[in-house]
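A.B. asks: Input: one structure, supplied below.
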Amino acid sequence: MATGPHTSEFKNPVVRWIDARLPVFTLMQKEYGTFPTPRNFNYFWNFGALAMVTLVIMIATGIFLSMHYTPHVHYAFDSVERIMRDVNYGWLLRYVHMNGASMFFIVVFIHIWRGLYYGSYKAPRELLWMLGVVIFLLMMATAFMGYVLPWGQMSFWGATVITNLFSAIPLIGPDIVVWLWGGFSVDNPTLNRFFSLHYLLPFVIVGVVFLHIAALHVTGSNNPLGIDPKGPQDTIPFHPYYTIKDSVGLVVYFMVFAVLVFFMPNYLGHPDNYIPANPLVTPPHIVPEWYFLPFYAILRAVPDKLGGVVLMFASIGVLFVLPWLDTSPVRSMRFRPVARIFLLLWTVSFFVLMWVGAKPAEGIYITIARLATAYYFLYFLVILPLLGRLERPLPLPESIALPVLRGGGPLPAGAMSKPMEKA
Amino acid sequence: MAVFRTTLKAAALLAGLLSAGPALAAGPTVPLPDVRFSFDGIFGTYDRAAAQRGFQVYKETCAACHAMRQLSYRNLREIGLSEAEVRAIAATVMVMDGPNDEGQMFERPARPSDRFRSPFPNEQAARAANNGAYPPDLSVITKAREGGARYIYALLTGYTDPPEGVELMEGMYYNAYFPGHQIAMAPPLNEGQIEFHDGTQATVEQMARDLTTFLAWAAEPELEQRKRMGVRVLIFLTILGGLTYAVKRRVWSDLH
């Protein structure tokens with residue numbers, strides 16, 4: 001076993017002194033400097049970094065907002081308005097935080113979709129994927145509780161509807177709801193605990209993100225071809241190649257973010273949340289934030305309350321077992337002509353659910369929601385398991401370096417055919 | 001180019017997500033009139049004269065029932081009133097203060113630092129005085145209604161006689177734009193009811209437009225600063241993006 005100081009190769013004496021005792025510089029150099037990364041990433045591989053940056057932005061703005069926010073049913077709404085009017089650049093902090101939540105979900109939805117398209121969930125990255133799903137669940141909980149804090153009408157009624165879901169649990173459901181509320185309705189104790197948890201959960205997310213990245217750096221990244229790097233000619237150091245490529249994506253991302261914050265800050269919100277919470281007046285339509293709409297649509301597609309709740313949680317839960325549902329050894333959908341079509345249809349069903357989730361649960365909308373829900377699950381539970389056996393994938397390229405050096409276009413059919421079994 | 005294809009795909013995804021926005025609420029069924037305001041668009045600013053006239057309309061008409069408790073008299077400096085004018089406006093209102101050294105509450109003339117005085121002490125009093133209806137606080141009203149400032153303007157100018165066959169409930173008025181069309185608020189603006197300080201003709205449209213400008217300012221006093229900063233941020237990011245992309249090409253050139 002190695003004992004004694006670490007042999008550091010850094011020239012700067014201060015850096016070397018620290019590094020010999022705590023090799024953080026060596027670690028950073030290894031994990032973010034020379035870290036061997038497939039050379040063929042496309043811009044979809046920006047979104048992990050974008051999510052990381054967004055998490056930092058959310059925590060930074062959130063800490064400053066909490067210095068001015070008052071978690072009390074009588075003062076919460078007014079304290080938010082005070083941030084908007086009297087705190088220096090308070091409007092900027094709040095609009096960045098508010099729209100940052102939407103940007104976070106846009107980025108994470110694309111990040112997850114990239115995983116679905118390029119098969120990033122398959123061996124050996126199953127645990128990496130599952131940690132990602134945990135982060136997604138934590139994000140949803142955090143976003144939901146954050147939306148309650150301004151104590152507007154949608155805050156209050158959204159909290160009422162969502163916490164009431166737990167009453168569907170047989171026998172102990174109603175007791176659980178009372179326990180969640182800290183009383184017999186959504187009230188001051190609920191707001192207090194939501195504020196506390198809204199501050200806590202992001203740091204739990206940071207912890208799971210650390211594990212997510214640690215797992216990534218064990219298996220290495222997937223890539224658009226979905227084949228493993230065969231040697232040094234297939235990889236490039238993370239820095240400077242991907243630090244600069246991520247920077248390009250980051251600037252574009254900030255531009256979209258800036259358009260939302262500066263020119264349409266309330267576009268993705270609901271006007272009713274600028275009406276102070278009133279337990280005696282129910283809004284005509286209680287709608288969650290846009291990023292919850294697909295799951296809300298699944299909830300409402302089932303006539304039975306418990307069934308709806310179960311199916312809604314199952315829509316995320318199914319992602320946990322996805323690595324074992326998809327039986328195909330081929331990762332990237334580029335080489336799965338049939339599965340690709342079914343995945344695009346699944347994407348359509350997701351957007352249909354998002355759209356129908358904002359509509360009243362009546363008439364034709366219920367039928368549409370049910371069809372889309374059925375396909376959402378059919379894709380994971382039936383189509384993917386069967387396709388692994390039935391589909392004939394396209395031949396996989398020999399290595400990453402070959403098609404990249406040829407210019408990255410589509411491969412000539414059969415030019416580098418290789419038996420599928422070896423993938 | 002694979003890069004372009006994937007970028008396009010990502011853009012399409014993003015566009016799809018953003019377009020989910022307007023679908024969020026089943027808004028008013030009647031299309032709103034196509035009015036333009038000085039604060040529209042990325043370079044929009046508040047017309048100070050209109051906002052000041054709008055404040056006069058609020059003070060002389062709306063303030064009888066509607067509170068604006070998020071605003072202080074000092075905020076009126078932002079729409080171009082002078083320090084002396086703000087002091088004078090505040091001084092005409094009596095507010096409750098205290099307790100004093102003897103432990104008594106007392107009334108005194110308002111100062112610029114005081115919040116706008118609310119017409120009613122609480123919601124119950126407001127309802128009792130208004131036939132059971134609650135006149136909402138107007139501080140953020142343009143943000144709190146689907147359609148925003150355009151809806152407020154439409155509502156203010158949307159009073160008509162009920163169409164054939166529509167039976168109004170006791171004490172209700174017909175409004176083309178109000179959800180359900182029956183509104184408890186009597187038509188608040190009537191031709192010539194205000195004598196504007198600057199001599200502007202007080203037509204219903206003029207008063208509605210001025211009042212809407214004032215209410216939009218009250219709801220989003222940061223709008224001008226926000227849009228100005230947004231333009232600068234986007235210019236900065238465009239340049240930074242161009243530079244970053246150039247560096248990226250340079251760094252990657254030895255690989256291709």
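A note on labels: chains of the structure tokens are A, B, ... as shown, every chain counts residues from 1, and ligands are counted from 1 in their shown order.
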Using DSSP secondary structure from the backbone, list all strand (DSSP E or B) positions within segment 146-305 of chain A, as a VMD selection string.
C.D. replies: chain A and resid 152 235 to 237 276
A.B. asks: Within 6 Å of chain A, which residues of chain B show up when using only C-alpha atoms, listed as a ChimeraX atom specification?
C.D. replies: /B:21,24,143-146,226-227,230,241,244-245,248
A.B. asks: My list of candidates is B:Pro112, B:Ala67, B:Met185, B:Ala219. Which is closest to Ser82 of chain B when distances are computed with only C-alpha atoms?
C.D. replies: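 Of B:Pro112, B:Ala67, B:Met185, B:Ala219, the one nearest Ser82 of chain B, counting only C-alpha atoms, is B:Pro112.
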A.B. asks: How far is it from atom CA of Val53 of chain A to atom CA of Met28 of chain A, in Å with one decimal?
C.D. replies: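 Atom-to-atom, atom CA of Val53 of chain A and atom CA of Met28 of chain A are spaced 17.3 Å apart.
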A.B. asks: Could you pull out the residues in segment 60-235 of chain B that DSSP calls alpha helix (DSSP H) from the backbone, as an MDAnalysis selection string?
C.D. replies: chainID B and resid 60 83:91 123:129 148:157 204:219 223:235
A.B. asks: Just the residues within 10 Å of His239 of chain A, please, counting only C-alpha atoms, with nothing from its chain fewer than 4 positions along; format it as a ChimeraX atom specification.
C.D. replies: /A:29,31-37,243-245
A.B. asks: In Å to one decimal, how far is atom CA of Ala51 of chain A from atom CA of Phe156 of chain A?
C.D. replies: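 Separating atom CA of Phe156 of chain A from atom CA of Ala51 of chain A is a distance of 28.4 Å.
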A.B. asks: Name the residues in contact with segment 137-142 of chain A at a cut-off of 7 Å, using only C-alpha atoms, excluding same-chain residues fewer than 3 positions from it; report them as a ChimeraX atom specification.
C.D. replies: /A:133-134,145-146,198,201,205
A.B. asks: Write the selection just made, keeping all heavy atoms, as an mmCIF file, in the first residue's frame?
C.D. replies:
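Resulting contents of again.cif:
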data_model
loop_
_atom_site.group_PDB
_atom_site.id
_atom_site.type_symbol
_atom_site.label_atom_id
_atom_site.label_comp_id
_atom_site.auth_asym_id
_atom_site.auth_seq_id
_atom_site.Cartn_x
_atom_site.Cartn_y
_atom_site.Cartn_z
ATOM 1 N N VAL A 133 -31.690 9.108 -13.163
ATOM 2 C CA VAL A 133 -33.138 9.115 -12.903
ATOM 3 C C VAL A 133 -33.403 9.614 -11.477
ATOM 4 O O VAL A 133 -34.370 10.350 -11.237
ATOM 5 C CB VAL A 133 -33.744 7.710 -13.126
ATOM 6 C CG1 VAL A 133 -35.246 7.725 -12.860
ATOM 7 C CG2 VAL A 133 -33.482 7.231 -14.545
ATOM 8 N N VAL A 134 -32.536 9.247 -10.523
ATOM 9 C CA VAL A 134 -32.682 9.753 -9.149
ATOM 10 C C VAL A 134 -32.572 11.276 -9.141
ATOM 11 O O VAL A 134 -33.372 11.973 -8.508
ATOM 12 C CB VAL A 134 -31.609 9.126 -8.216
ATOM 13 C CG1 VAL A 134 -31.620 9.814 -6.858
ATOM 14 C CG2 VAL A 134 -31.842 7.635 -8.071
ATOM 15 N N MET A 145 -41.719 22.058 -4.870
ATOM 16 C CA MET A 145 -41.752 22.804 -3.607
ATOM 17 C C MET A 145 -41.361 24.261 -3.816
ATOM 18 O O MET A 145 -41.888 25.153 -3.143
ATOM 19 C CB MET A 145 -40.850 22.124 -2.581
ATOM 20 C CG MET A 145 -41.504 20.850 -2.095
ATOM 21 S SD MET A 145 -40.678 20.092 -0.719
ATOM 22 C CE MET A 145 -39.537 19.067 -1.566
ATOM 23 N N GLY A 146 -40.468 24.513 -4.784
ATOM 24 C CA GLY A 146 -40.098 25.891 -5.082
ATOM 25 C C GLY A 146 -41.276 26.689 -5.619
ATOM 26 O O GLY A 146 -41.455 27.866 -5.296
ATOM 27 N N HIS A 198 -36.833 22.779 0.145
ATOM 28 C CA HIS A 198 -36.422 23.378 -1.131
ATOM 29 C C HIS A 198 -34.977 23.875 -1.046
ATOM 30 O O HIS A 198 -34.271 23.915 -2.037
ATOM 31 C CB HIS A 198 -37.353 24.536 -1.509
ATOM 32 C CG HIS A 198 -37.055 25.143 -2.849
ATOM 33 N ND1 HIS A 198 -37.316 24.495 -4.031
ATOM 34 C CD2 HIS A 198 -36.506 26.332 -3.193
ATOM 35 C CE1 HIS A 198 -36.930 25.266 -5.046
ATOM 36 N NE2 HIS A 198 -36.438 26.386 -4.576
ATOM 37 N N LEU A 201 -32.818 20.060 -0.691
ATOM 38 C CA LEU A 201 -32.733 19.079 -1.787
ATOM 39 C C LEU A 201 -31.688 19.403 -2.857
ATOM 40 O O LEU A 201 -31.032 18.490 -3.357
ATOM 41 C CB LEU A 201 -34.111 18.869 -2.415
ATOM 42 C CG LEU A 201 -35.084 18.038 -1.572
ATOM 43 C CD1 LEU A 201 -36.349 17.751 -2.363
ATOM 44 C CD2 LEU A 201 -34.452 16.735 -1.121
ATOM 45 N N ILE A 205 -29.018 16.926 -4.528
ATOM 46 C CA ILE A 205 -28.797 16.774 -5.971
ATOM 47 C C ILE A 205 -27.306 16.892 -6.283
ATOM 48 O O ILE A 205 -26.759 16.083 -7.038
ATOM 49 C CB ILE A 205 -29.609 17.827 -6.767
ATOM 50 C CG1 ILE A 205 -31.109 17.560 -6.616
ATOM 51 C CG2 ILE A 205 -29.207 17.802 -8.242
ATOM 52 C CD1 ILE A 205 -32.004 18.557 -7.334
#
A.B. asks: I'd like the interatomic distance between atom CA of Val318 of chain A and atom CA of Pro38 of chain A, to a tenth of an Å.
C.D. replies: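 Going from atom CA of Val318 of chain A over to atom CA of Pro38 of chain A covers 29.0 Å.
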A.B. asks: List the spatial neighbours of segment 180-182 of chain A as a PyMOL selection string - criterion: any atom at most 10 Å away, only C-alpha atoms, same-chain residues fewer than 3 positions off excluded.
C.D. replies: chain A and resi 159-160+163-164+166+174-177+185-194
A.B. asks: Write out, as a PDB file, in the first residue's frame, the residues just selected, with N, CA, C and O atoms.
C.D. replies:
ATOM      1  N   ALA A 159     -50.089  22.744  -4.642  1.00  0.00           N
ATOM      2  CA  ALA A 159     -49.652  22.000  -3.462  1.00  0.00           C
ATOM      3  C   ALA A 159     -50.791  21.133  -2.927  1.00  0.00           C
ATOM      4  O   ALA A 159     -50.582  19.976  -2.533  1.00  0.00           O
ATOM      5  N   THR A 160     -51.996  21.687  -2.933  1.00  0.00           N
ATOM      6  CA  THR A 160     -53.149  20.932  -2.429  1.00  0.00           C
ATOM      7  C   THR A 160     -53.401  19.682  -3.279  1.00  0.00           C
ATOM      8  O   THR A 160     -53.558  18.573  -2.752  1.00  0.00           O
ATOM      9  N   THR A 163     -50.212  17.096  -3.020  1.00  0.00           N
ATOM     10  CA  THR A 163     -50.094  16.394  -1.737  1.00  0.00           C
ATOM     11  C   THR A 163     -51.289  15.462  -1.527  1.00  0.00           C
ATOM     12  O   THR A 163     -51.148  14.390  -0.933  1.00  0.00           O
ATOM     13  N   ASN A 164     -52.448  15.845  -2.073  1.00  0.00           N
ATOM     14  CA  ASN A 164     -53.637  15.007  -1.933  1.00  0.00           C
ATOM     15  C   ASN A 164     -53.507  13.680  -2.669  1.00  0.00           C
ATOM     16  O   ASN A 164     -54.228  12.734  -2.365  1.00  0.00           O
ATOM     17  N   PHE A 166     -51.341  11.583  -2.320  1.00  0.00           N
ATOM     18  CA  PHE A 166     -50.912  10.542  -1.387  1.00  0.00           C
ATOM     19  C   PHE A 166     -52.088   9.944  -0.616  1.00  0.00           C
ATOM     20  O   PHE A 166     -51.959   8.878  -0.031  1.00  0.00           O
ATOM     21  N   PRO A 174     -54.669   8.917   4.047  1.00  0.00           N
ATOM     22  CA  PRO A 174     -55.082  10.180   4.684  1.00  0.00           C
ATOM     23  C   PRO A 174     -54.141  10.618   5.805  1.00  0.00           C
ATOM     24  O   PRO A 174     -53.858  11.815   5.957  1.00  0.00           O
ATOM     25  N   ASP A 175     -53.618   9.656   6.577  1.00  0.00           N
ATOM     26  CA  ASP A 175     -52.693  10.018   7.657  1.00  0.00           C
ATOM     27  C   ASP A 175     -51.390  10.577   7.090  1.00  0.00           C
ATOM     28  O   ASP A 175     -50.804  11.500   7.655  1.00  0.00           O
ATOM     29  N   ILE A 176     -50.944   9.987   5.976  1.00  0.00           N
ATOM     30  CA  ILE A 176     -49.719  10.479   5.352  1.00  0.00           C
ATOM     31  C   ILE A 176     -49.893  11.924   4.909  1.00  0.00           C
ATOM     32  O   ILE A 176     -49.000  12.761   5.085  1.00  0.00           O
ATOM     33  N   VAL A 177     -51.067  12.236   4.349  1.00  0.00           N
ATOM     34  CA  VAL A 177     -51.310  13.601   3.872  1.00  0.00           C
ATOM     35  C   VAL A 177     -51.257  14.590   5.031  1.00  0.00           C
ATOM     36  O   VAL A 177     -50.613  15.636   4.941  1.00  0.00           O
ATOM     37  N   SER A 185     -54.727  21.014   6.569  1.00  0.00           N
ATOM     38  CA  SER A 185     -54.822  21.546   5.208  1.00  0.00           C
ATOM     39  C   SER A 185     -53.452  22.116   4.870  1.00  0.00           C
ATOM     40  O   SER A 185     -52.581  22.193   5.741  1.00  0.00           O
ATOM     41  N   VAL A 186     -53.265  22.499   3.610  1.00  0.00           N
ATOM     42  CA  VAL A 186     -52.030  23.179   3.229  1.00  0.00           C
ATOM     43  C   VAL A 186     -52.035  24.536   3.926  1.00  0.00           C
ATOM     44  O   VAL A 186     -52.937  25.343   3.704  1.00  0.00           O
ATOM     45  N   ASP A 187     -51.069  24.766   4.796  1.00  0.00           N
ATOM     46  CA  ASP A 187     -51.072  25.999   5.585  1.00  0.00           C
ATOM     47  C   ASP A 187     -49.642  26.374   5.961  1.00  0.00           C
ATOM     48  O   ASP A 187     -48.690  25.842   5.385  1.00  0.00           O
ATOM     49  N   ASN A 188     -49.507  27.238   6.955  1.00  0.00           N
ATOM     50  CA  ASN A 188     -48.178  27.736   7.282  1.00  0.00           C
ATOM     51  C   ASN A 188     -47.131  26.647   7.547  1.00  0.00           C
ATOM     52  O   ASN A 188     -46.016  26.756   7.046  1.00  0.00           O
ATOM     53  N   PRO A 189     -47.457  25.586   8.309  1.00  0.00           N
ATOM     54  CA  PRO A 189     -46.434  24.545   8.513  1.00  0.00           C
ATOM     55  C   PRO A 189     -45.984  23.913   7.198  1.00  0.00           C
ATOM     56  O   PRO A 189     -44.813  23.582   7.032  1.00  0.00           O
ATOM     57  N   THR A 190     -46.926  23.766   6.246  1.00  0.00           N
ATOM     58  CA  THR A 190     -46.571  23.195   4.947  1.00  0.00           C
ATOM     59  C   THR A 190     -45.576  24.100   4.230  1.00  0.00           C
ATOM     60  O   THR A 190     -44.563  23.652   3.699  1.00  0.00           O
ATOM     61  N   LEU A 191     -45.874  25.409   4.229  1.00  0.00           N
ATOM     62  CA  LEU A 191     -44.994  26.366   3.560  1.00  0.00           C
ATOM     63  C   LEU A 191     -43.604  26.351   4.197  1.00  0.00           C
ATOM     64  O   LEU A 191     -42.593  26.333   3.505  1.00  0.00           O
ATOM     65  N   ASN A 192     -43.560  26.322   5.529  1.00  0.00           N
ATOM     66  CA  ASN A 192     -42.280  26.306   6.246  1.00  0.00           C
ATOM     67  C   ASN A 192     -41.439  25.112   5.856  1.00  0.00           C
ATOM     68  O   ASN A 192     -40.261  25.233   5.537  1.00  0.00           O
ATOM     69  N   ARG A 193     -42.062  23.924   5.867  1.00  0.00           N
ATOM     70  CA  ARG A 193     -41.269  22.731   5.582  1.00  0.00           C
ATOM     71  C   ARG A 193     -40.882  22.666   4.109  1.00  0.00           C
ATOM     72  O   ARG A 193     -39.807  22.185   3.774  1.00  0.00           O
ATOM     73  N   PHE A 194     -41.746  23.171   3.225  1.00  0.00           N
ATOM     74  CA  PHE A 194     -41.390  23.176   1.805  1.00  0.00           C
ATOM     75  C   PHE A 194     -40.185  24.090   1.564  1.00  0.00           C
ATOM     76  O   PHE A 194     -39.324  23.787   0.747  1.00  0.00           O
TER      77      PHE A 194
END
A.B. asks: Taking 6 positions as the minimum chain separation for residues in the same chain, which residues sit within 6 Å of segment 326-328 of chain A when counting only C-alpha atoms? Answer as an MDAnalysis selection string.
C.D. replies: chainID A and resid 384:385 388
